[in-house]
Amino acid sequence: MADRCVALTEWDAIVVGAGPAGSALASRLRPHGRVLLLERDAAVTHASPRIGESLPGAARVLLQRLGAFERFLADGHGERGATVSAWDREEPVWFDHLRDPNGPGWHLDRARFDAGLRETAVAAGAVLIENCGRLRVSRNTNIWCVDVEAQGTQHRAPILVDASGRGATVARQLGLARRTDDALICLYAHLRADADDEDHCTRICADRDGWWYSVRIPSGQRVLAFHLDADDPALKTLRDPERFLAKAKRQPLLADALPSTGAVEVHARPAGSAALDVEALADTPPGFFAIGDAMLAFDPIASQGIFHALASAESAAAAIARQRAGEPAARAAYLQEMSAVCQRYHEHLRMTYDGVVRHRHEPFWARRIGN
Ligand SMILES: Cc1cc2nc3c(=O)[nH]c(=O)nc-3n(C[C@H](O)[C@H](O)[C@H](O)COP(=O)(O)OP(=O)(O)OC[C@H]3O[C@@H](n4cnc5c(N)ncnc54)[C@H](O)[C@@H]3O)c2cc1C
């Protein structure tokens, strides 16, 4: 629990989760009221490197409107180089983001990025409680109540937002179903990059039983990630760092860039598409919103999750303002927008997986191609 004693218990909005989505929303709501931001974990540090580091150039305008862009630029994130992929063929195909009208985008120091957004929210006046422990959500006479059990306090607000990421812990407490479309798992490691590793590309390649990416990040590490099915027996054996690295090095596109040694820890995370049921959300009592991964979590191949976290925070902030101004349909419009985002995303995802014809008979690809 943060040392600060929070005496206030009546708020205009309570946001659960201080990832990119929750912090961005807290910054946006703060000028119009009292905002409480509840975070399960302690402060973000470099001791726990986070996964998810590519940010498209289109995020610039969202960061500018958030008032977080100057700080973002000063935080030393790296400019994103080309994407090189061996998707349907062994021969690499280059895509240069420099031609993107929004600019090339960035490879983030993810811990610094998340910490920066949290600090922006606090600087805007949101009250942040880190290490908040277990929360219990209920509703009492048109007001949302959140019990912070470890503190023995109850906080109340007309607006409650689930920004707790893939776990969607608040929505689950409210009994909302979360549809998981794909039991994809990401195995990943942060390797110490070789001293002469100057590669700024994102390297992506299809394997018979999944797909890889590798990126060098500003901390001087190289992220190596492999995505495979949750029921693949290799999930267990590939937790062994030597085997993980050896498998990656069989891909010529990766072998070129990976460091020679790799005493690393291999972590696992769910990574498939998942979404809350929009119709069930529309039936929840007024004032409840879900944003970021809690609303809709993307397959990492889309590289869209952080952009969506910032964009959905902006849309939810606008809907909350309209609802406060007496427009009851504002939440329905927000949910309609999320449905449209979900539909477009699935169309793109299908096209991306359909592109891997060379492995189409392998179980991993057969499950996804044509879906
Ligand atoms: C393998 C992988 C690679 C990815 N690569 C990319 C990429 O290159 N580019 C990209 O844009 N996206 C990528 N993503 C997705 C991206 O990381 C997420 O979309 C993004 O972090 C979503 O932000 P969020 O704030 O919604 O959720 P999160 O970042 O998950 O933040 C949620 C916060 O809520 C807190 N929390 C959870 N439960 C509770 C609770 N009960 N009480 C209080 N707090 C709680 C958590 O501690 C966390 O701080 C990747 C994801 C994966 C799995």
# chains A, B, ... in the order shown; residues from 1 in each chain; ligands from 1
$ residues_around --residues "A:Pro259" --least-positions-apart "6" --cutoff "10 Å" --atoms "only C-alpha atoms" --output "PyMOL selection string"
chain A and resi 191-197+221-222+245+249
$ residues_around --residues "stretch 306-312 of chain A" --least-positions-apart "3" --cutoff "8 Å" --atoms "only C-alpha atoms" --output "compact mmCIF listing (two decimals) with N, CA, C and O atoms, in the first residue's frame"
# COMPACT_ATOMS: atom_id res chain seq x y z
N PRO A 20 -1.09 1.67 -19.18
CA PRO A 20 -1.25 2.80 -20.10
C PRO A 20 -2.70 3.29 -20.19
O PRO A 20 -2.95 4.50 -20.18
N ALA A 21 -3.66 2.36 -20.24
CA ALA A 21 -5.05 2.77 -20.41
C ALA A 21 -5.55 3.53 -19.19
O ALA A 21 -6.09 4.64 -19.30
N ALA A 24 -3.78 6.92 -18.64
CA ALA A 24 -4.20 7.91 -19.64
C ALA A 24 -5.60 8.43 -19.31
O ALA A 24 -5.86 9.65 -19.37
N LEU A 25 -6.49 7.53 -18.94
CA LEU A 25 -7.86 7.97 -18.63
C LEU A 25 -7.87 8.87 -17.38
O LEU A 25 -8.56 9.89 -17.35
N GLY A 52 5.91 -5.85 -24.70
CA GLY A 52 5.04 -4.96 -25.48
C GLY A 52 5.77 -3.65 -25.68
O GLY A 52 5.71 -2.78 -24.82
N LEU A 55 5.47 0.94 -30.63
CA LEU A 55 4.38 1.92 -30.64
C LEU A 55 4.35 2.61 -32.00
O LEU A 55 5.34 3.20 -32.41
N PRO A 56 3.22 2.52 -32.71
CA PRO A 56 3.16 3.14 -34.04
C PRO A 56 3.19 4.67 -33.95
O PRO A 56 2.79 5.25 -32.94
N ALA A 58 1.28 6.74 -35.17
CA ALA A 58 -0.06 7.33 -35.00
C ALA A 58 -0.36 7.64 -33.54
O ALA A 58 -1.28 8.41 -33.24
N ALA A 59 0.42 7.07 -32.61
CA ALA A 59 0.19 7.34 -31.18
C ALA A 59 0.63 8.75 -30.79
O ALA A 59 0.24 9.24 -29.73
N LEU A 62 -2.15 11.09 -29.91
CA LEU A 62 -2.82 10.74 -28.64
C LEU A 62 -1.99 11.21 -27.45
O LEU A 62 -2.53 11.74 -26.48
N LEU A 63 -0.68 11.03 -27.55
CA LEU A 63 0.19 11.48 -26.45
C LEU A 63 0.19 13.01 -26.36
O LEU A 63 0.23 13.57 -25.27
N ILE A 291 -11.79 -0.32 -20.55
CA ILE A 291 -10.90 0.26 -21.58
C ILE A 291 -9.65 -0.61 -21.73
O ILE A 291 -9.39 -1.48 -20.90
N GLY A 292 -8.88 -0.34 -22.78
CA GLY A 292 -7.61 -1.05 -23.00
C GLY A 292 -7.83 -2.54 -23.16
O GLY A 292 -8.85 -3.00 -23.67
N ASP A 293 -6.86 -3.32 -22.65
CA ASP A 293 -6.95 -4.78 -22.77
C ASP A 293 -8.15 -5.35 -22.04
O ASP A 293 -8.65 -6.42 -22.40
N SER A 303 0.38 -5.51 -33.03
CA SER A 303 1.18 -4.40 -32.48
C SER A 303 0.31 -3.17 -32.22
O SER A 303 0.71 -2.05 -32.51
N SER A 315 -11.55 7.89 -25.88
CA SER A 315 -12.98 7.75 -26.22
C SER A 315 -13.84 7.62 -24.97
O SER A 315 -14.93 8.20 -24.88
N ALA A 316 -13.35 6.85 -23.99
CA ALA A 316 -14.13 6.68 -22.76
C ALA A 316 -14.23 8.02 -22.01
O ALA A 316 -15.29 8.35 -21.46
N MET A 338 -16.25 0.53 -29.87
CA MET A 338 -15.41 -0.61 -29.53
C MET A 338 -15.75 -1.83 -30.39
O MET A 338 -14.87 -2.59 -30.79
$ residues_around --residues "A:Ile143" --least-positions-apart "6" --cutoff "7 Å" --atoms "only C-alpha atoms" --output "number ranges by chain"
A: 156-158
$ closest_residue --among "A:Cys201, A:His346, A:Asn142, A:Pro270" --to "A:Trp94" --atoms "only C-alpha atoms"
A:Cys201
$ residues_around --residues "A:Pro300" --least-positions-apart "6" --cutoff "12 Å" --atoms "only C-alpha atoms" --output "PDB file with N, CA and C atoms, in the first residue's frame"
ATOM      1  N   ILE A  51       6.714  -6.714 -21.284  1.00  0.00           N
ATOM      2  CA  ILE A  51       6.662  -7.072 -22.711  1.00  0.00           C
ATOM      3  C   ILE A  51       5.671  -6.138 -23.403  1.00  0.00           C
ATOM      4  N   GLY A  52       5.913  -5.851 -24.696  1.00  0.00           N
ATOM      5  CA  GLY A  52       5.041  -4.957 -25.476  1.00  0.00           C
ATOM      6  C   GLY A  52       5.769  -3.651 -25.677  1.00  0.00           C
ATOM      7  N   GLU A  53       6.466  -3.491 -26.781  1.00  0.00           N
ATOM      8  CA  GLU A  53       7.385  -2.366 -26.903  1.00  0.00           C
ATOM      9  C   GLU A  53       7.291  -1.585 -28.204  1.00  0.00           C
ATOM     10  N   SER A  54       6.469  -2.028 -29.172  1.00  0.00           N
ATOM     11  CA  SER A  54       6.393  -1.272 -30.435  1.00  0.00           C
ATOM     12  C   SER A  54       5.213  -0.332 -30.402  1.00  0.00           C
ATOM     13  N   LEU A  55       5.472   0.938 -30.631  1.00  0.00           N
ATOM     14  CA  LEU A  55       4.380   1.920 -30.638  1.00  0.00           C
ATOM     15  C   LEU A  55       4.349   2.607 -31.998  1.00  0.00           C
ATOM     16  N   ASP A 182      -8.673 -17.154 -28.829  1.00  0.00           N
ATOM     17  CA  ASP A 182      -7.496 -17.855 -29.278  1.00  0.00           C
ATOM     18  C   ASP A 182      -6.595 -18.142 -28.079  1.00  0.00           C
ATOM     19  N   LEU A 184      -3.598 -18.456 -27.444  1.00  0.00           N
ATOM     20  CA  LEU A 184      -2.206 -18.197 -27.841  1.00  0.00           C
ATOM     21  C   LEU A 184      -1.396 -17.855 -26.597  1.00  0.00           C
ATOM     22  N   ILE A 185      -0.183 -18.420 -26.524  1.00  0.00           N
ATOM     23  CA  ILE A 185       0.721 -18.096 -25.407  1.00  0.00           C
ATOM     24  C   ILE A 185       1.981 -17.460 -25.979  1.00  0.00           C
ATOM     25  N   CYS A 186       2.492 -16.465 -25.295  1.00  0.00           N
ATOM     26  CA  CYS A 186       3.773 -15.883 -25.701  1.00  0.00           C
ATOM     27  C   CYS A 186       4.832 -16.310 -24.696  1.00  0.00           C
ATOM     28  N   LEU A 187       5.907 -16.932 -25.214  1.00  0.00           N
ATOM     29  CA  LEU A 187       7.098 -17.192 -24.399  1.00  0.00           C
ATOM     30  C   LEU A 187       8.095 -16.098 -24.744  1.00  0.00           C
ATOM     31  N   ILE A 204      10.399 -10.418 -37.674  1.00  0.00           N
ATOM     32  CA  ILE A 204       9.231 -11.293 -37.459  1.00  0.00           C
ATOM     33  C   ILE A 204       9.370 -12.512 -38.360  1.00  0.00           C
ATOM     34  N   TRP A 211       4.987 -18.294 -34.225  1.00  0.00           N
ATOM     35  CA  TRP A 211       5.743 -17.204 -34.870  1.00  0.00           C
ATOM     36  C   TRP A 211       6.575 -16.440 -33.848  1.00  0.00           C
ATOM     37  N   TRP A 212       7.654 -15.834 -34.370  1.00  0.00           N
ATOM     38  CA  TRP A 212       8.646 -15.152 -33.527  1.00  0.00           C
ATOM     39  C   TRP A 212       8.667 -13.660 -33.810  1.00  0.00           C
ATOM     40  N   TYR A 213       9.092 -12.902 -32.801  1.00  0.00           N
ATOM     41  CA  TYR A 213       9.606 -11.563 -33.112  1.00  0.00           C
ATOM     42  C   TYR A 213      10.793 -11.259 -32.210  1.00  0.00           C
ATOM     43  N   ALA A 225      10.637 -13.229 -28.590  1.00  0.00           N
ATOM     44  CA  ALA A 225       9.319 -13.744 -28.198  1.00  0.00           C
ATOM     45  C   ALA A 225       8.835 -14.772 -29.207  1.00  0.00           C
ATOM     46  N   PHE A 226       8.255 -15.855 -28.686  1.00  0.00           N
ATOM     47  CA  PHE A 226       7.690 -16.903 -29.541  1.00  0.00           C
ATOM     48  C   PHE A 226       6.245 -17.133 -29.141  1.00  0.00           C
ATOM     49  N   HIS A 227       5.358 -17.226 -30.127  1.00  0.00           N
ATOM     50  CA  HIS A 227       3.927 -17.379 -29.872  1.00  0.00           C
ATOM     51  C   HIS A 227       3.490 -18.746 -30.350  1.00  0.00           C
ATOM     52  N   LEU A 228       2.885 -19.504 -29.468  1.00  0.00           N
ATOM     53  CA  LEU A 228       2.485 -20.877 -29.808  1.00  0.00           C
ATOM     54  C   LEU A 228       1.161 -21.218 -29.121  1.00  0.00           C
ATOM     55  N   ARG A 269       3.151 -15.739 -21.151  1.00  0.00           N
ATOM     56  CA  ARG A 269       1.971 -14.883 -20.936  1.00  0.00           C
ATOM     57  C   ARG A 269       0.891 -15.223 -21.943  1.00  0.00           C
ATOM     58  N   PRO A 270      -0.367 -15.207 -21.543  1.00  0.00           N
ATOM     59  CA  PRO A 270      -1.439 -15.362 -22.537  1.00  0.00           C
ATOM     60  C   PRO A 270      -1.374 -14.190 -23.505  1.00  0.00           C
ATOM     61  N   ALA A 271      -1.617 -14.451 -24.789  1.00  0.00           N
ATOM     62  CA  ALA A 271      -1.442 -13.381 -25.767  1.00  0.00           C
ATOM     63  C   ALA A 271      -2.517 -13.385 -26.859  1.00  0.00           C
ATOM     64  N   GLY A 272      -3.510 -14.268 -26.762  1.00  0.00           N
ATOM     65  CA  GLY A 272      -4.524 -14.340 -27.818  1.00  0.00           C
ATOM     66  C   GLY A 272      -5.561 -13.228 -27.723  1.00  0.00           C
ATOM     67  N   SER A 273      -6.335 -13.075 -28.787  1.00  0.00           N
ATOM     68  CA  SER A 273      -7.395 -12.070 -28.795  1.00  0.00           C
ATOM     69  C   SER A 273      -8.436 -12.419 -27.740  1.00  0.00           C
ATOM     70  N   ALA A 274      -8.933 -11.420 -27.066  1.00  0.00           N
ATOM     71  CA  ALA A 274      -9.983 -11.640 -26.062  1.00  0.00           C
ATOM     72  C   ALA A 274     -10.785 -10.351 -25.944  1.00  0.00           C
ATOM     73  N   ASP A 293      -6.864  -3.315 -22.653  1.00  0.00           N
ATOM     74  CA  ASP A 293      -6.945  -4.782 -22.773  1.00  0.00           C
ATOM     75  C   ASP A 293      -8.153  -5.351 -22.045  1.00  0.00           C
ATOM     76  N   ILE A 306      -1.091  -0.956 -27.233  1.00  0.00           N
ATOM     77  CA  ILE A 306      -0.855   0.285 -26.480  1.00  0.00           C
ATOM     78  C   ILE A 306      -1.609   1.435 -27.153  1.00  0.00           C
ATOM     79  N   TYR A 345     -10.293  -5.103 -36.452  1.00  0.00           N
ATOM     80  CA  TYR A 345      -9.107  -5.829 -35.982  1.00  0.00           C
ATOM     81  C   TYR A 345      -9.160  -7.286 -36.450  1.00  0.00           C
ATOM     82  N   LEU A 349      -6.521  -9.295 -38.732  1.00  0.00           N
ATOM     83  CA  LEU A 349      -5.832 -10.452 -38.140  1.00  0.00           C
ATOM     84  C   LEU A 349      -5.966 -11.670 -39.059  1.00  0.00           C
ATOM     85  N   THR A 352      -3.668 -11.404 -41.913  1.00  0.00           N
ATOM     86  CA  THR A 352      -2.263 -11.612 -41.530  1.00  0.00           C
ATOM     87  C   THR A 352      -1.958 -13.103 -41.429  1.00  0.00           C
TER      88      THR A 352
END
$ select_by_dssp --residues "stretch 116-262 of chain A" --states "strand (DSSP E)" --output "PyMOL selection string"
chain A and resi 127-129+135-140+143-148+153-157+159-162+178-180+184-192+202-207+210-216+221-229
$ atom_distance --atom1 "atom CA of A:Pro252" --atom2 "atom CA of A:His200"
17.1 Å
$ residues_around --residues "stretch 283-290 of chain A" --least-positions-apart "3" --cutoff "9 Å" --atoms "only C-alpha atoms" --output "PyMOL selection string"
chain A and resi 13+139+142-144+157-164+168+170-171+174+176+276+278-280+293-296+312+316+320+323+328+331+335
$ closest_residue --among "A:Gly152, A:Gly175, A:Gly105, A:Gly305" --to "ligand 1" --atoms "only C-alpha atoms and all ligand atoms"
A:Gly305
$ select_by_dssp --residues "stretch 162-268 of chain A" --states "helix (DSSP H, G or I)" --output "list in words"
Gly165, Arg166, Gly167, Thr169, Val170, Ala171, Arg172, Gln173, Ala234, Leu235, Lys236, Thr237, Pro241, Glu242, Arg243, Phe244, Leu245, Ala246, Lys247, Ala248, Pro252, Leu253, Leu254 and Ala255 of chain A
$ closest_residue --among "A:Ser138, A:Ser85, A:Gln304, A:Gln173" --to "ligand 1" --atoms "only C-alpha atoms and all ligand atoms"
A:Gln304
